[in-house]
$ cat target15.pdb   # PDB, C-alpha atoms
ATOM      1  CA  MET A   1      15.944  16.871   0.916  1.00  0.00           C
ATOM      2  CA  THR A   2      13.728  15.171  -1.651  1.00  0.00           C
ATOM      3  CA  ASN A   3      10.348  16.001  -3.063  1.00  0.00           C
ATOM      4  CA  ARG A   4       9.098  12.646  -4.312  1.00  0.00           C
ATOM      5  CA  GLN A   5       5.532  12.061  -5.374  1.00  0.00           C
ATOM      6  CA  LEU A   6       3.514  10.012  -2.888  1.00  0.00           C
ATOM      7  CA  ASN A   7       1.484   6.969  -3.802  1.00  0.00           C
ATOM      8  CA  PHE A   8      -1.930   7.195  -2.079  1.00  0.00           C
ATOM      9  CA  GLU A   9      -2.296   3.416  -1.795  1.00  0.00           C
ATOM     10  CA  ASN A  10       0.806   3.208   0.430  1.00  0.00           C
ATOM     11  CA  LEU A  11      -0.195   5.992   2.834  1.00  0.00           C
ATOM     12  CA  ASP A  12      -1.557   5.190   6.290  1.00  0.00           C
ATOM     13  CA  LYS A  13      -5.250   6.022   6.261  1.00  0.00           C
ATOM     14  CA  VAL A  14      -6.771   7.732   9.296  1.00  0.00           C
ATOM     15  CA  GLU A  15      -9.725   5.349   9.127  1.00  0.00           C
ATOM     16  CA  CYS A  16      -7.371   2.388   9.613  1.00  0.00           C
ATOM     17  CA  LEU A  17      -5.725   3.667  12.790  1.00  0.00           C
ATOM     18  CA  ASN A  18      -6.103   1.752  16.039  1.00  0.00           C
ATOM     19  CA  TYR A  19      -7.860   4.307  18.251  1.00  0.00           C
ATOM     20  CA  THR A  20      -7.395   4.183  22.001  1.00  0.00           C
ATOM     21  CA  PRO A  21     -10.826   4.413  23.650  1.00  0.00           C
ATOM     22  CA  LEU A  22     -11.617   6.884  26.426  1.00  0.00           C
ATOM     23  CA  GLU A  23     -12.062   5.764  30.049  1.00  0.00           C
ATOM     24  CA  LYS A  24     -15.386   4.007  30.666  1.00  0.00           C
ATOM     25  CA  LYS A  25     -16.133   6.429  33.520  1.00  0.00           C
ATOM     26  CA  TYR A  26     -16.363   9.220  30.946  1.00  0.00           C
ATOM     27  CA  LEU A  27     -19.700   7.805  29.750  1.00  0.00           C
ATOM     28  CA  LYS A  28     -21.057   8.456  33.254  1.00  0.00           C
ATOM     29  CA  VAL A  29     -19.738  12.025  33.044  1.00  0.00           C
ATOM     30  CA  GLN A  30     -21.578  12.538  29.761  1.00  0.00           C
ATOM     31  CA  ILE A  31     -24.799  11.101  31.203  1.00  0.00           C
ATOM     32  CA  VAL A  32     -24.614  13.379  34.254  1.00  0.00           C
ATOM     33  CA  LYS A  33     -23.884  16.453  32.113  1.00  0.00           C
ATOM     34  CA  THR A  34     -26.720  15.642  29.712  1.00  0.00           C
ATOM     35  CA  MET A  35     -29.215  15.097  32.499  1.00  0.00           C
ATOM     36  CA  LEU A  36     -28.177  18.335  34.237  1.00  0.00           C
ATOM     37  CA  VAL A  37     -28.638  20.349  31.046  1.00  0.00           C
ATOM     38  CA  TYR A  38     -32.091  18.918  30.382  1.00  0.00           C
ATOM     39  CA  ILE A  39     -33.172  19.370  34.002  1.00  0.00           C
ATOM     40  CA  ILE A  40     -32.134  23.035  33.817  1.00  0.00           C
ATOM     41  CA  PHE A  41     -34.041  23.499  30.537  1.00  0.00           C
ATOM     42  CA  MET A  42     -37.098  21.785  32.016  1.00  0.00           C
ATOM     43  CA  GLY A  43     -36.845  24.047  35.076  1.00  0.00           C
ATOM     44  CA  PHE A  44     -36.829  27.142  32.868  1.00  0.00           C
ATOM     45  CA  ALA A  45     -39.830  25.818  30.964  1.00  0.00           C
ATOM     46  CA  LEU A  46     -41.745  25.684  34.262  1.00  0.00           C
ATOM     47  CA  LEU A  47     -41.368  29.455  34.469  1.00  0.00           C
ATOM     48  CA  LEU A  48     -44.089  29.660  31.795  1.00  0.00           C
ATOM     49  CA  LEU A  49     -46.571  28.744  34.519  1.00  0.00           C
ATOM     50  CA  LEU A  50     -45.886  32.139  36.127  1.00  0.00           C
ATOM     51  CA  ALA A  51     -47.083  34.027  33.031  1.00  0.00           C
ATOM     52  CA  GLU A  52     -50.612  34.993  34.080  1.00  0.00           C
ATOM     53  CA  ASN A  53     -51.547  36.689  30.793  1.00  0.00           C
ATOM     54  CA  PHE A  54     -50.784  33.528  28.795  1.00  0.00           C
ATOM     55  CA  SER A  55     -54.077  31.624  28.434  1.00  0.00           C
ATOM     56  CA  TYR A  56     -52.657  28.241  27.311  1.00  0.00           C
ATOM     57  CA  ARG A  57     -49.720  28.205  29.720  1.00  0.00           C
ATOM     58  CA  LEU A  58     -50.507  24.797  31.252  1.00  0.00           C
ATOM     59  CA  ALA A  59     -50.855  23.012  27.906  1.00  0.00           C
ATOM     60  CA  THR A  60     -47.825  24.805  26.447  1.00  0.00           C
ATOM     61  CA  THR A  61     -45.698  24.020  29.498  1.00  0.00           C
ATOM     62  CA  ALA A  62     -46.745  20.359  29.417  1.00  0.00           C
ATOM     63  CA  GLY A  63     -45.918  20.164  25.694  1.00  0.00           C
ATOM     64  CA  ILE A  64     -42.492  21.753  26.166  1.00  0.00           C
ATOM     65  CA  GLU A  65     -41.725  19.486  29.132  1.00  0.00           C
ATOM     66  CA  CYS A  66     -42.702  16.417  27.066  1.00  0.00           C
ATOM     67  CA  MET A  67     -40.478  17.552  24.186  1.00  0.00           C
ATOM     68  CA  PHE A  68     -37.527  18.026  26.560  1.00  0.00           C
ATOM     69  CA  LEU A  69     -38.173  14.624  28.146  1.00  0.00           C
ATOM     70  CA  ILE A  70     -38.276  12.885  24.756  1.00  0.00           C
ATOM     71  CA  ALA A  71     -35.131  14.736  23.637  1.00  0.00           C
ATOM     72  CA  MET A  72     -33.345  13.696  26.839  1.00  0.00           C
ATOM     73  CA  ILE A  73     -34.320  10.042  26.371  1.00  0.00           C
ATOM     74  CA  VAL A  74     -33.121  10.060  22.746  1.00  0.00           C
ATOM     75  CA  ASN A  75     -29.900  11.794  23.765  1.00  0.00           C
ATOM     76  CA  LEU A  76     -29.264   9.306  26.580  1.00  0.00           C
ATOM     77  CA  PHE A  77     -29.921   6.451  24.133  1.00  0.00           C
ATOM     78  CA  LEU A  78     -27.338   7.826  21.654  1.00  0.00           C
ATOM     79  CA  LEU A  79     -24.643   8.621  24.244  1.00  0.00           C
ATOM     80  CA  PRO A  80     -23.237   5.060  24.540  1.00  0.00           C
ATOM     81  CA  LYS A  81     -22.988   4.782  20.754  1.00  0.00           C
ATOM     82  CA  ALA A  82     -21.215   8.141  20.495  1.00  0.00           C
ATOM     83  CA  PHE A  83     -18.930   7.229  23.394  1.00  0.00           C
ATOM     84  CA  ALA A  84     -17.915   3.954  21.731  1.00  0.00           C
ATOM     85  CA  TYR A  85     -16.843   5.869  18.593  1.00  0.00           C
ATOM     86  CA  LYS A  86     -14.644   8.397  20.426  1.00  0.00           C
ATOM     87  CA  GLY A  87     -10.937   7.723  20.615  1.00  0.00           C
ATOM     88  CA  PHE A  88      -7.465   9.004  19.903  1.00  0.00           C
ATOM     89  CA  ALA A  89      -4.340   7.749  18.176  1.00  0.00           C
ATOM     90  CA  ILE A  90      -0.787   8.989  18.441  1.00  0.00           C
ATOM     91  CA  ARG A  91       1.643   8.453  15.584  1.00  0.00           C
ATOM     92  CA  GLU A  92       5.256   9.549  15.075  1.00  0.00           C
ATOM     93  CA  HIS A  93       4.426  13.031  13.821  1.00  0.00           C
ATOM     94  CA  ASP A  94       0.806  13.704  14.797  1.00  0.00           C
ATOM     95  CA  ILE A  95      -2.118  13.044  17.103  1.00  0.00           C
ATOM     96  CA  THR A  96      -5.625  12.169  15.881  1.00  0.00           C
ATOM     97  CA  TYR A  97      -8.933  12.455  17.739  1.00  0.00           C
ATOM     98  CA  ARG A  98     -12.273  11.209  16.429  1.00  0.00           C
ATOM     99  CA  SER A  99     -15.774  11.791  17.750  1.00  0.00           C
ATOM    100  CA  GLY A 100     -19.414  12.049  16.704  1.00  0.00           C
ATOM    101  CA  ILE A 101     -21.805   9.498  15.269  1.00  0.00           C
ATOM    102  CA  ILE A 102     -24.324  11.755  13.542  1.00  0.00           C
ATOM    103  CA  PHE A 103     -21.689  14.254  12.422  1.00  0.00           C
ATOM    104  CA  PRO A 104     -18.394  12.302  12.604  1.00  0.00           C
ATOM    105  CA  SER A 105     -15.248  14.332  13.058  1.00  0.00           C
ATOM    106  CA  VAL A 106     -11.627  13.238  12.755  1.00  0.00           C
ATOM    107  CA  ILE A 107      -9.036  15.840  13.719  1.00  0.00           C
ATOM    108  CA  THR A 108      -5.344  15.239  13.059  1.00  0.00           C
ATOM    109  CA  ILE A 109      -2.825  17.718  14.397  1.00  0.00           C
ATOM    110  CA  PRO A 110       0.838  17.525  13.382  1.00  0.00           C
ATOM    111  CA  PHE A 111       3.197  17.979  16.327  1.00  0.00           C
ATOM    112  CA  CYS A 112       5.029  20.771  14.492  1.00  0.00           C
ATOM    113  CA  LYS A 113       1.806  22.867  14.560  1.00  0.00           C
ATOM    114  CA  ILE A 114       1.045  22.432  18.267  1.00  0.00           C
ATOM    115  CA  GLN A 115       1.656  25.564  20.317  1.00  0.00           C
ATOM    116  CA  GLN A 116       0.372  24.529  23.734  1.00  0.00           C
ATOM    117  CA  VAL A 117      -0.705  21.396  25.605  1.00  0.00           C
ATOM    118  CA  SER A 118      -2.581  21.553  28.901  1.00  0.00           C
ATOM    119  CA  VAL A 119      -4.324  19.107  31.218  1.00  0.00           C
ATOM    120  CA  ARG A 120      -7.567  20.208  32.864  1.00  0.00           C
ATOM    121  CA  GLN A 121     -10.581  19.073  34.861  1.00  0.00           C
ATOM    122  CA  THR A 122     -14.143  20.320  35.154  1.00  0.00           C
ATOM    123  CA  PRO A 123     -16.161  20.010  38.381  1.00  0.00           C
ATOM    124  CA  ILE A 124     -18.023  16.965  37.058  1.00  0.00           C
ATOM    125  CA  THR A 125     -14.908  15.197  35.731  1.00  0.00           C
ATOM    126  CA  ARG A 126     -13.189  15.900  39.054  1.00  0.00           C
ATOM    127  CA  ILE A 127     -15.888  13.833  40.807  1.00  0.00           C
ATOM    128  CA  PHE A 128     -15.062  10.884  38.534  1.00  0.00           C
ATOM    129  CA  GLY A 129     -11.280  11.443  38.636  1.00  0.00           C
ATOM    130  CA  LEU A 130     -10.960  12.155  34.908  1.00  0.00           C
ATOM    131  CA  TYR A 131      -8.964  14.719  32.968  1.00  0.00           C
ATOM    132  CA  ALA A 132      -8.930  16.259  29.500  1.00  0.00           C
ATOM    133  CA  ILE A 133      -5.997  17.325  27.347  1.00  0.00           C
ATOM    134  CA  ASP A 134      -6.327  20.565  25.414  1.00  0.00           C
ATOM    135  CA  VAL A 135      -4.092  20.853  22.351  1.00  0.00           C
ATOM    136  CA  VAL A 136      -3.765  24.337  20.854  1.00  0.00           C
ATOM    137  CA  ASN A 137      -3.182  24.156  17.119  1.00  0.00           C
ATOM    138  CA  GLY A 138      -1.449  27.249  15.780  1.00  0.00           C
ATOM    139  CA  ALA A 139      -2.228  26.384  12.158  1.00  0.00           C
ATOM    140  CA  GLN A 140      -5.983  26.959  12.534  1.00  0.00           C
ATOM    141  CA  THR A 141      -6.141  30.379  14.188  1.00  0.00           C
ATOM    142  CA  LEU A 142      -5.425  28.905  17.606  1.00  0.00           C
ATOM    143  CA  ALA A 143      -8.074  26.166  17.446  1.00  0.00           C
ATOM    144  CA  VAL A 144      -8.253  24.025  20.577  1.00  0.00           C
ATOM    145  CA  THR A 145      -8.806  20.289  20.300  1.00  0.00           C
ATOM    146  CA  SER A 146      -9.809  18.627  23.531  1.00  0.00           C
ATOM    147  CA  ILE A 147      -9.371  14.926  24.285  1.00  0.00           C
ATOM    148  CA  PRO A 148     -11.612  14.210  27.295  1.00  0.00           C
ATOM    149  CA  GLY A 149     -12.129  11.199  29.531  1.00  0.00           C
ATOM    150  CA  LEU A 150      -8.554  10.317  30.455  1.00  0.00           C
ATOM    151  CA  ALA A 151      -7.142   8.991  33.703  1.00  0.00           C
ATOM    152  CA  GLU A 152      -4.593  11.306  35.358  1.00  0.00           C
ATOM    153  CA  GLU A 153      -1.609   9.081  34.547  1.00  0.00           C
ATOM    154  CA  LYS A 154      -2.654   8.705  30.908  1.00  0.00           C
ATOM    155  CA  ALA A 155      -3.284  12.461  30.507  1.00  0.00           C
ATOM    156  CA  ASN A 156       0.108  13.367  31.941  1.00  0.00           C
ATOM    157  CA  GLU A 157       1.791  10.640  29.876  1.00  0.00           C
ATOM    158  CA  ILE A 158       0.249  11.962  26.659  1.00  0.00           C
ATOM    159  CA  LYS A 159       1.180  15.546  27.570  1.00  0.00           C
ATOM    160  CA  VAL A 160       4.819  14.557  28.150  1.00  0.00           C
ATOM    161  CA  LEU A 161       4.856  12.531  24.921  1.00  0.00           C
ATOM    162  CA  ILE A 162       3.438  15.447  22.893  1.00  0.00           C
ATOM    163  CA  MET A 163       5.815  17.953  24.491  1.00  0.00           C
ATOM    164  CA  GLY A 164       8.765  15.675  23.730  1.00  0.00           C
ATOM    165  CA  SER A 165       7.594  15.203  20.160  1.00  0.00           C
ATOM    166  CA  ILE A 166       7.201  18.960  19.721  1.00  0.00           C
ATOM    167  CA  ARG A 167      10.818  19.449  20.764  1.00  0.00           C
ATOM    168  CA  ASN A 168      11.964  16.724  18.361  1.00  0.00           C
ATOM    169  CA  GLU A 169       9.901  18.126  15.455  1.00  0.00           C
ATOM    170  CA  ASN A 170      11.315  21.617  15.921  1.00  0.00           C
ATOM    171  CA  LYS A 171      14.969  20.490  15.736  1.00  0.00           C
TER     172      LYS A 171
END

$ encode --input "target15.pdb" --output "structure tokens"
Amino acid sequence: MTNRQLNFENLDKVECLNYTPLEKKYLKVQIVKTMLVYIIFMGFALLLLLAENFSYRLATTAGIECMFLIAMIVNLFLLPKAFAYKGFAIREHDITYRSGIIFPSVITIPFCKIQQVSVRQTPITRIFGLYAIDVVNGAQTLAVTSIPGLAEEKANEIKVLIMGSIRNENK
């Protein structure tokens, strides 16, 4: 076993990885989820109309509804840009997932630190036939990294690949 010093210029940079994009149907899932959340918020805001002791309830409700509508439009405008940035890369000893355009996040998990890998669906992703992989990282107090928007074959393929790599890393 050696303990040589590494030269930073020769290391593979996470920014230079070729990220595999998520399924295009996942953008539709995000749009549906976003619209559902805003519709629920707008429905709750309508409850202000029931407050009889509130003298400016109509104007306040209209203002809140307009704010939610503007926020929903902005959010729906940003979703395609955020979706285009999301992706994952699998290397020999780790898996990397990136997301976020306003607050970018790149998470790299070494296979030797993975404790559990599971494939799951939510009711909305089930409608679109998509799956997510949850990777439990034992190094960060059992932090779960989720890679959403995968076809069933791809999700199961990645799970098998990670499980095989975990076995190889632990030898």

$ atom_distance --input "target15.pdb" --atom1 "CA of Ala151 in chain A" --atom2 "CA of Val135 in chain A"
16.7 Å

$ closest_atom_pairs --input "target15.pdb" --of "range 2-33 of chain A" --to "range 129-134 of chain A" --cutoff "9 Å" --atoms "only C-alpha atoms" --output "Markdown table"
| residue | atom | partner | partner_atom | distance |
| --- | --- | --- | --- | --- |
| A:Glu23 | CA | A:Leu130 | CA | 8.1 |
| A:Lys25 | CA | A:Leu130 | CA | 7.8 |
| A:Tyr26 | CA | A:Leu130 | CA | 7.3 |
| A:Val29 | CA | A:Leu130 | CA | 9.0 |

$ atom_distance --input "target15.pdb" --atom1 "CA of Leu27 in chain A" --atom2 "CA of Gly87 in chain A"
12.7 Å

$ residues_around --input "target15.pdb" --residues "Met35 in chain A" --least-positions-apart "3" --cutoff "10 Å" --atoms "all atoms listed in the file" --output "PyMOL selection string"
chain A and resi 29-32+38-41+69+72-73+75-76

$ resolve_selection --input "target15.pdb" --expression "the PyMOL selection byres ((chain A and resi 137) around 10)" --output "mmCIF file with C-alpha atoms, in the coordinates of the input"
data_model
loop_
_atom_site.group_PDB
_atom_site.id
_atom_site.type_symbol
_atom_site.label_atom_id
_atom_site.label_comp_id
_atom_site.auth_asym_id
_atom_site.auth_seq_id
_atom_site.Cartn_x
_atom_site.Cartn_y
_atom_site.Cartn_z
ATOM 1 C CA ILE A 109 -2.825 17.718 14.397
ATOM 2 C CA PRO A 110 0.838 17.525 13.382
ATOM 3 C CA PHE A 111 3.197 17.979 16.327
ATOM 4 C CA CYS A 112 5.029 20.771 14.492
ATOM 5 C CA LYS A 113 1.806 22.867 14.560
ATOM 6 C CA ILE A 114 1.045 22.432 18.267
ATOM 7 C CA GLN A 115 1.656 25.564 20.317
ATOM 8 C CA GLN A 116 0.372 24.529 23.734
ATOM 9 C CA VAL A 117 -0.705 21.396 25.605
ATOM 10 C CA ASP A 134 -6.327 20.565 25.414
ATOM 11 C CA VAL A 135 -4.092 20.853 22.351
ATOM 12 C CA VAL A 136 -3.765 24.337 20.854
ATOM 13 C CA GLY A 138 -1.449 27.249 15.780
ATOM 14 C CA ALA A 139 -2.228 26.384 12.158
ATOM 15 C CA GLN A 140 -5.983 26.959 12.534
ATOM 16 C CA THR A 141 -6.141 30.379 14.188
ATOM 17 C CA LEU A 142 -5.425 28.905 17.606
ATOM 18 C CA ALA A 143 -8.074 26.166 17.446
ATOM 19 C CA VAL A 144 -8.253 24.025 20.577
ATOM 20 C CA THR A 145 -8.806 20.289 20.300
#

$ residues_around --input "target15.pdb" --residues "Lys13 in chain A" --least-positions-apart "2" --cutoff "12 Å" --atoms "all atoms listed in the file" --output "ChimeraX atom specification"
/A:8-11,15-18,91,96,106,108

$ atom_distance --input "target15.pdb" --atom1 "CA of Gly100 in chain A" --atom2 "CA of Leu78 in chain A"
10.3 Å

$ decode --input "target15.pdb" --residues "range 115-135 of chain A" --atoms "N, CA, C and O atoms" --output "PDB file, in the first residue's frame"
ATOM      1  N   GLN A 115     -24.864   2.215   2.308  1.00  0.00           N
ATOM      2  CA  GLN A 115     -25.391   1.171   3.170  1.00  0.00           C
ATOM      3  C   GLN A 115     -26.623   0.501   2.588  1.00  0.00           C
ATOM      4  O   GLN A 115     -26.898  -0.658   2.872  1.00  0.00           O
ATOM      5  N   GLN A 116     -27.394   1.245   1.784  1.00  0.00           N
ATOM      6  CA  GLN A 116     -28.631   0.691   1.256  1.00  0.00           C
ATOM      7  C   GLN A 116     -28.972   1.362  -0.067  1.00  0.00           C
ATOM      8  O   GLN A 116     -28.760   2.555  -0.230  1.00  0.00           O
ATOM      9  N   VAL A 117     -29.545   0.588  -0.985  1.00  0.00           N
ATOM     10  CA  VAL A 117     -30.014   1.111  -2.264  1.00  0.00           C
ATOM     11  C   VAL A 117     -31.425   0.579  -2.472  1.00  0.00           C
ATOM     12  O   VAL A 117     -31.657  -0.622  -2.349  1.00  0.00           O
ATOM     13  N   SER A 118     -32.364   1.471  -2.761  1.00  0.00           N
ATOM     14  CA  SER A 118     -33.737   1.027  -2.998  1.00  0.00           C
ATOM     15  C   SER A 118     -34.325   1.770  -4.189  1.00  0.00           C
ATOM     16  O   SER A 118     -33.933   2.891  -4.500  1.00  0.00           O
ATOM     17  N   VAL A 119     -35.278   1.116  -4.840  1.00  0.00           N
ATOM     18  CA  VAL A 119     -35.993   1.692  -5.974  1.00  0.00           C
ATOM     19  C   VAL A 119     -37.422   1.953  -5.510  1.00  0.00           C
ATOM     20  O   VAL A 119     -38.029   1.101  -4.873  1.00  0.00           O
ATOM     21  N   ARG A 120     -37.941   3.142  -5.809  1.00  0.00           N
ATOM     22  CA  ARG A 120     -39.293   3.470  -5.353  1.00  0.00           C
ATOM     23  C   ARG A 120     -40.044   4.288  -6.396  1.00  0.00           C
ATOM     24  O   ARG A 120     -39.461   4.799  -7.345  1.00  0.00           O
ATOM     25  N   GLN A 121     -41.363   4.376  -6.159  1.00  0.00           N
ATOM     26  CA  GLN A 121     -42.249   5.194  -6.980  1.00  0.00           C
ATOM     27  C   GLN A 121     -43.177   5.977  -6.067  1.00  0.00           C
ATOM     28  O   GLN A 121     -43.508   5.517  -4.969  1.00  0.00           O
ATOM     29  N   THR A 122     -43.591   7.145  -6.521  1.00  0.00           N
ATOM     30  CA  THR A 122     -44.639   7.905  -5.853  1.00  0.00           C
ATOM     31  C   THR A 122     -45.901   7.777  -6.705  1.00  0.00           C
ATOM     32  O   THR A 122     -45.815   7.323  -7.851  1.00  0.00           O
ATOM     33  N   PRO A 123     -47.057   8.157  -6.189  1.00  0.00           N
ATOM     34  CA  PRO A 123     -48.273   8.044  -7.017  1.00  0.00           C
ATOM     35  C   PRO A 123     -48.179   8.790  -8.346  1.00  0.00           C
ATOM     36  O   PRO A 123     -48.657   8.298  -9.369  1.00  0.00           O
ATOM     37  N   ILE A 124     -47.563   9.956  -8.342  1.00  0.00           N
ATOM     38  CA  ILE A 124     -47.465  10.728  -9.592  1.00  0.00           C
ATOM     39  C   ILE A 124     -46.466  10.090 -10.542  1.00  0.00           C
ATOM     40  O   ILE A 124     -46.712  10.001 -11.749  1.00  0.00           O
ATOM     41  N   THR A 125     -45.318   9.629 -10.042  1.00  0.00           N
ATOM     42  CA  THR A 125     -44.342   8.993 -10.941  1.00  0.00           C
ATOM     43  C   THR A 125     -44.864   7.659 -11.458  1.00  0.00           C
ATOM     44  O   THR A 125     -44.482   7.237 -12.549  1.00  0.00           O
ATOM     45  N   ARG A 126     -45.743   7.014 -10.701  1.00  0.00           N
ATOM     46  CA  ARG A 126     -46.330   5.755 -11.161  1.00  0.00           C
ATOM     47  C   ARG A 126     -47.177   5.998 -12.405  1.00  0.00           C
ATOM     48  O   ARG A 126     -47.184   5.180 -13.338  1.00  0.00           O
ATOM     49  N   ILE A 127     -47.892   7.121 -12.460  1.00  0.00           N
ATOM     50  CA  ILE A 127     -48.709   7.466 -13.619  1.00  0.00           C
ATOM     51  C   ILE A 127     -47.837   7.576 -14.871  1.00  0.00           C
ATOM     52  O   ILE A 127     -48.233   7.145 -15.950  1.00  0.00           O
ATOM     53  N   PHE A 128     -46.638   8.124 -14.714  1.00  0.00           N
ATOM     54  CA  PHE A 128     -45.736   8.324 -15.849  1.00  0.00           C
ATOM     55  C   PHE A 128     -44.762   7.161 -16.048  1.00  0.00           C
ATOM     56  O   PHE A 128     -43.923   7.206 -16.944  1.00  0.00           O
ATOM     57  N   GLY A 129     -44.832   6.144 -15.202  1.00  0.00           N
ATOM     58  CA  GLY A 129     -43.969   4.971 -15.344  1.00  0.00           C
ATOM     59  C   GLY A 129     -42.516   5.239 -14.997  1.00  0.00           C
ATOM     60  O   GLY A 129     -41.628   4.623 -15.580  1.00  0.00           O
ATOM     61  N   LEU A 130     -42.273   6.134 -14.048  1.00  0.00           N
ATOM     62  CA  LEU A 130     -40.904   6.475 -13.655  1.00  0.00           C
ATOM     63  C   LEU A 130     -40.602   6.001 -12.241  1.00  0.00           C
ATOM     64  O   LEU A 130     -41.501   5.793 -11.431  1.00  0.00           O
ATOM     65  N   TYR A 131     -39.316   5.866 -11.960  1.00  0.00           N
ATOM     66  CA  TYR A 131     -38.854   5.387 -10.665  1.00  0.00           C
ATOM     67  C   TYR A 131     -37.756   6.314 -10.148  1.00  0.00           C
ATOM     68  O   TYR A 131     -37.187   7.095 -10.899  1.00  0.00           O
ATOM     69  N   ALA A 132     -37.452   6.168  -8.866  1.00  0.00           N
ATOM     70  CA  ALA A 132     -36.341   6.886  -8.249  1.00  0.00           C
ATOM     71  C   ALA A 132     -35.488   5.875  -7.495  1.00  0.00           C
ATOM     72  O   ALA A 132     -35.995   4.868  -6.998  1.00  0.00           O
ATOM     73  N   ILE A 133     -34.200   6.148  -7.432  1.00  0.00           N
ATOM     74  CA  ILE A 133     -33.283   5.320  -6.647  1.00  0.00           C
ATOM     75  C   ILE A 133     -32.883   6.116  -5.419  1.00  0.00           C
ATOM     76  O   ILE A 133     -32.466   7.266  -5.531  1.00  0.00           O
ATOM     77  N   ASP A 134     -33.045   5.497  -4.260  1.00  0.00           N
ATOM     78  CA  ASP A 134     -32.609   6.116  -3.006  1.00  0.00           C
ATOM     79  C   ASP A 134     -31.327   5.427  -2.561  1.00  0.00           C
ATOM     80  O   ASP A 134     -31.291   4.205  -2.417  1.00  0.00           O
ATOM     81  N   VAL A 135     -30.290   6.228  -2.342  1.00  0.00           N
ATOM     82  CA  VAL A 135     -28.991   5.713  -1.908  1.00  0.00           C
ATOM     83  C   VAL A 135     -28.740   6.233  -0.498  1.00  0.00           C
ATOM     84  O   VAL A 135     -28.677   7.440  -0.283  1.00  0.00           O
TER      85      VAL A 135
END
